[in-house]
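Colleague: Take this structure, written in structure tokens, and hold onto it; I'll ask about it next.
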Amino acid sequence: MDDRDGVAVAQFLRMAADAWAAAKTDDAADRALERVRFLRLLERGADVALHNAVEDARGSGASWAGVGWALSTSRQSACERFTD
């Protein structure tokens with residue numbers, strides 16, 4: 001992944017977290033905690049979605065080398081992370 005892509009995604013997530021928090025409370029400290037909570041929920045959801053995507057890729061015939069490439073890691077690391 002290009003670093004610019006990561007920055008763009010981070011900016012988008014920050015805006016989404018800010019909107020979520022603003023809808024929940026007017027208190028500055030509570031808004032900051034709501035942003036943390038929202039980003040943690042996204043992190044957990046993204047992990048589930050990533051596991052599902054890897055299962056789909058493998059089920060479609062993708063190699064562990066291909067999965068490793070998509071994750072910017074080695075074939076072995078991808079296999080170890082996503083097999084039970």
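By convention here, the chains of the structure tokens are called A, B, ... in the order presented, each chain's residues are numbered starting at 1, and ligands are numbered starting at 1 in the order presented.
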Step one, run DSSP on the backbone; step two, keep only residues of chain A assigned to alpha helix (DSSP H); then write them as a ChimeraX atom specification.
Modeller: /A:3-24,28-59,64-71,75-82
Colleague: May I have the residues within 6 Å of segment 15-19 of chain A as an MDAnalysis selection string, using only C-alpha atoms and disregarding those fewer than 3 positions away in the same chain?
Modeller: chainID A and resid 12 22 35
Colleague: How about saving the chosen residues, N, CA, C and O atoms kept, as a PDB file, in the first residue's frame?
Modeller:
ATOM      1  N   PHE A  12     -10.004   9.997   6.275  1.00  0.00           N
ATOM      2  CA  PHE A  12     -11.416   9.641   6.156  1.00  0.00           C
ATOM      3  C   PHE A  12     -11.941   9.071   7.477  1.00  0.00           C
ATOM      4  O   PHE A  12     -13.015   9.443   7.940  1.00  0.00           O
ATOM      5  N   ALA A  22     -19.473  13.486  17.601  1.00  0.00           N
ATOM      6  CA  ALA A  22     -20.288  14.696  17.706  1.00  0.00           C
ATOM      7  C   ALA A  22     -21.766  14.355  17.838  1.00  0.00           C
ATOM      8  O   ALA A  22     -22.525  15.068  18.510  1.00  0.00           O
ATOM      9  N   ARG A  35     -14.553   8.866  19.988  1.00  0.00           N
ATOM     10  CA  ARG A  35     -13.707   8.642  18.813  1.00  0.00           C
ATOM     11  C   ARG A  35     -12.871   7.387  18.988  1.00  0.00           C
ATOM     12  O   ARG A  35     -12.760   6.560  18.077  1.00  0.00           O
TER      13      ARG A  35
END
Colleague: Give me the residues near Glu55 of chain A as a PDB file with C-alpha atoms, in the first residue's frame, where near means some atom within 12 Å (using only C-alpha atoms) and where sequence neighbours in that chain fewer than 3 positions away do not count.
Modeller:
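Result written to around_24.pdb:
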ATOM      1  CA  VAL A  48     -13.390  -9.865  10.807  1.00  0.00           C
ATOM      2  CA  ALA A  49     -13.800  -8.541   7.245  1.00  0.00           C
ATOM      3  CA  LEU A  50     -10.120  -9.215   6.497  1.00  0.00           C
ATOM      4  CA  HIS A  51     -10.392 -12.804   7.690  1.00  0.00           C
ATOM      5  CA  ASN A  52     -13.494 -13.255   5.514  1.00  0.00           C
ATOM      6  CA  ARG A  58      -8.232 -18.855  -0.722  1.00  0.00           C
ATOM      7  CA  GLY A  59     -11.584 -20.409  -1.626  1.00  0.00           C
ATOM      8  CA  SER A  60     -11.307 -18.804  -5.057  1.00  0.00           C
ATOM      9  CA  GLY A  61      -7.920 -20.394  -5.653  1.00  0.00           C
ATOM     10  CA  ALA A  62      -5.541 -17.640  -4.532  1.00  0.00           C
ATOM     11  CA  SER A  63      -2.209 -18.918  -3.255  1.00  0.00           C
ATOM     12  CA  TRP A  64      -0.745 -18.044   0.111  1.00  0.00           C
ATOM     13  CA  VAL A  67      -2.448 -13.433  -0.055  1.00  0.00           C
ATOM     14  CA  ALA A  78      -0.092 -14.856   5.936  1.00  0.00           C
ATOM     15  CA  CYS A  79      -0.646 -18.589   6.265  1.00  0.00           C
ATOM     16  CA  ARG A  81      -2.040 -15.627  10.685  1.00  0.00           C
ATOM     17  CA  PHE A  82      -5.096 -16.880   8.835  1.00  0.00           C
ATOM     18  CA  THR A  83      -5.110 -20.628   9.464  1.00  0.00           C
ATOM     19  CA  ASP A  84      -6.492 -22.131  12.625  1.00  0.00           C
TER      20      ASP A  84
END
Colleague: If I take atom CA of Glu34 of chain A and atom CA of Asp5 of chain A, how far is one from the other in Å, to one decimal?
Modeller: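 Between atom CA of Glu34 of chain A and atom CA of Asp5 of chain A the gap is 24.9 Å.
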Colleague: Identify, on the basis of only C-alpha atoms, every residue whose closest approach to Ala32 of chain A does not exceed 9 Å; exclude the query and any residue fewer than 4 positions from it along the same chain; express the result as a PyMOL selection string.
Modeller: chain A and resi 18+21+27-28+36-37
Colleague: Could you check how far atom CA of Arg14 of chain A sits from atom CA of Leu42 of chain A, in Å to one decimal?
Modeller: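 Computing the Euclidean distance for atom CA of Arg14 of chain A and atom CA of Leu42 of chain A yields 11.4 Å.
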Colleague: Out of A:Phe38, A:Thr73, A:Gln11, A:Ala46, which residue has the shortest atom-to-atom distance to Ala23 of chain A when counting only C-alpha atoms?
Modeller: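 Closest to Ala23 of chain A, using only C-alpha atoms: A:Phe38.
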Colleague: Rounded to one decimal place, report the atom CA of Leu71 of chain A-atom CA of Ala53 of chain A distance in Å.
Modeller: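 Distance between the two atoms: 11.2 Å.
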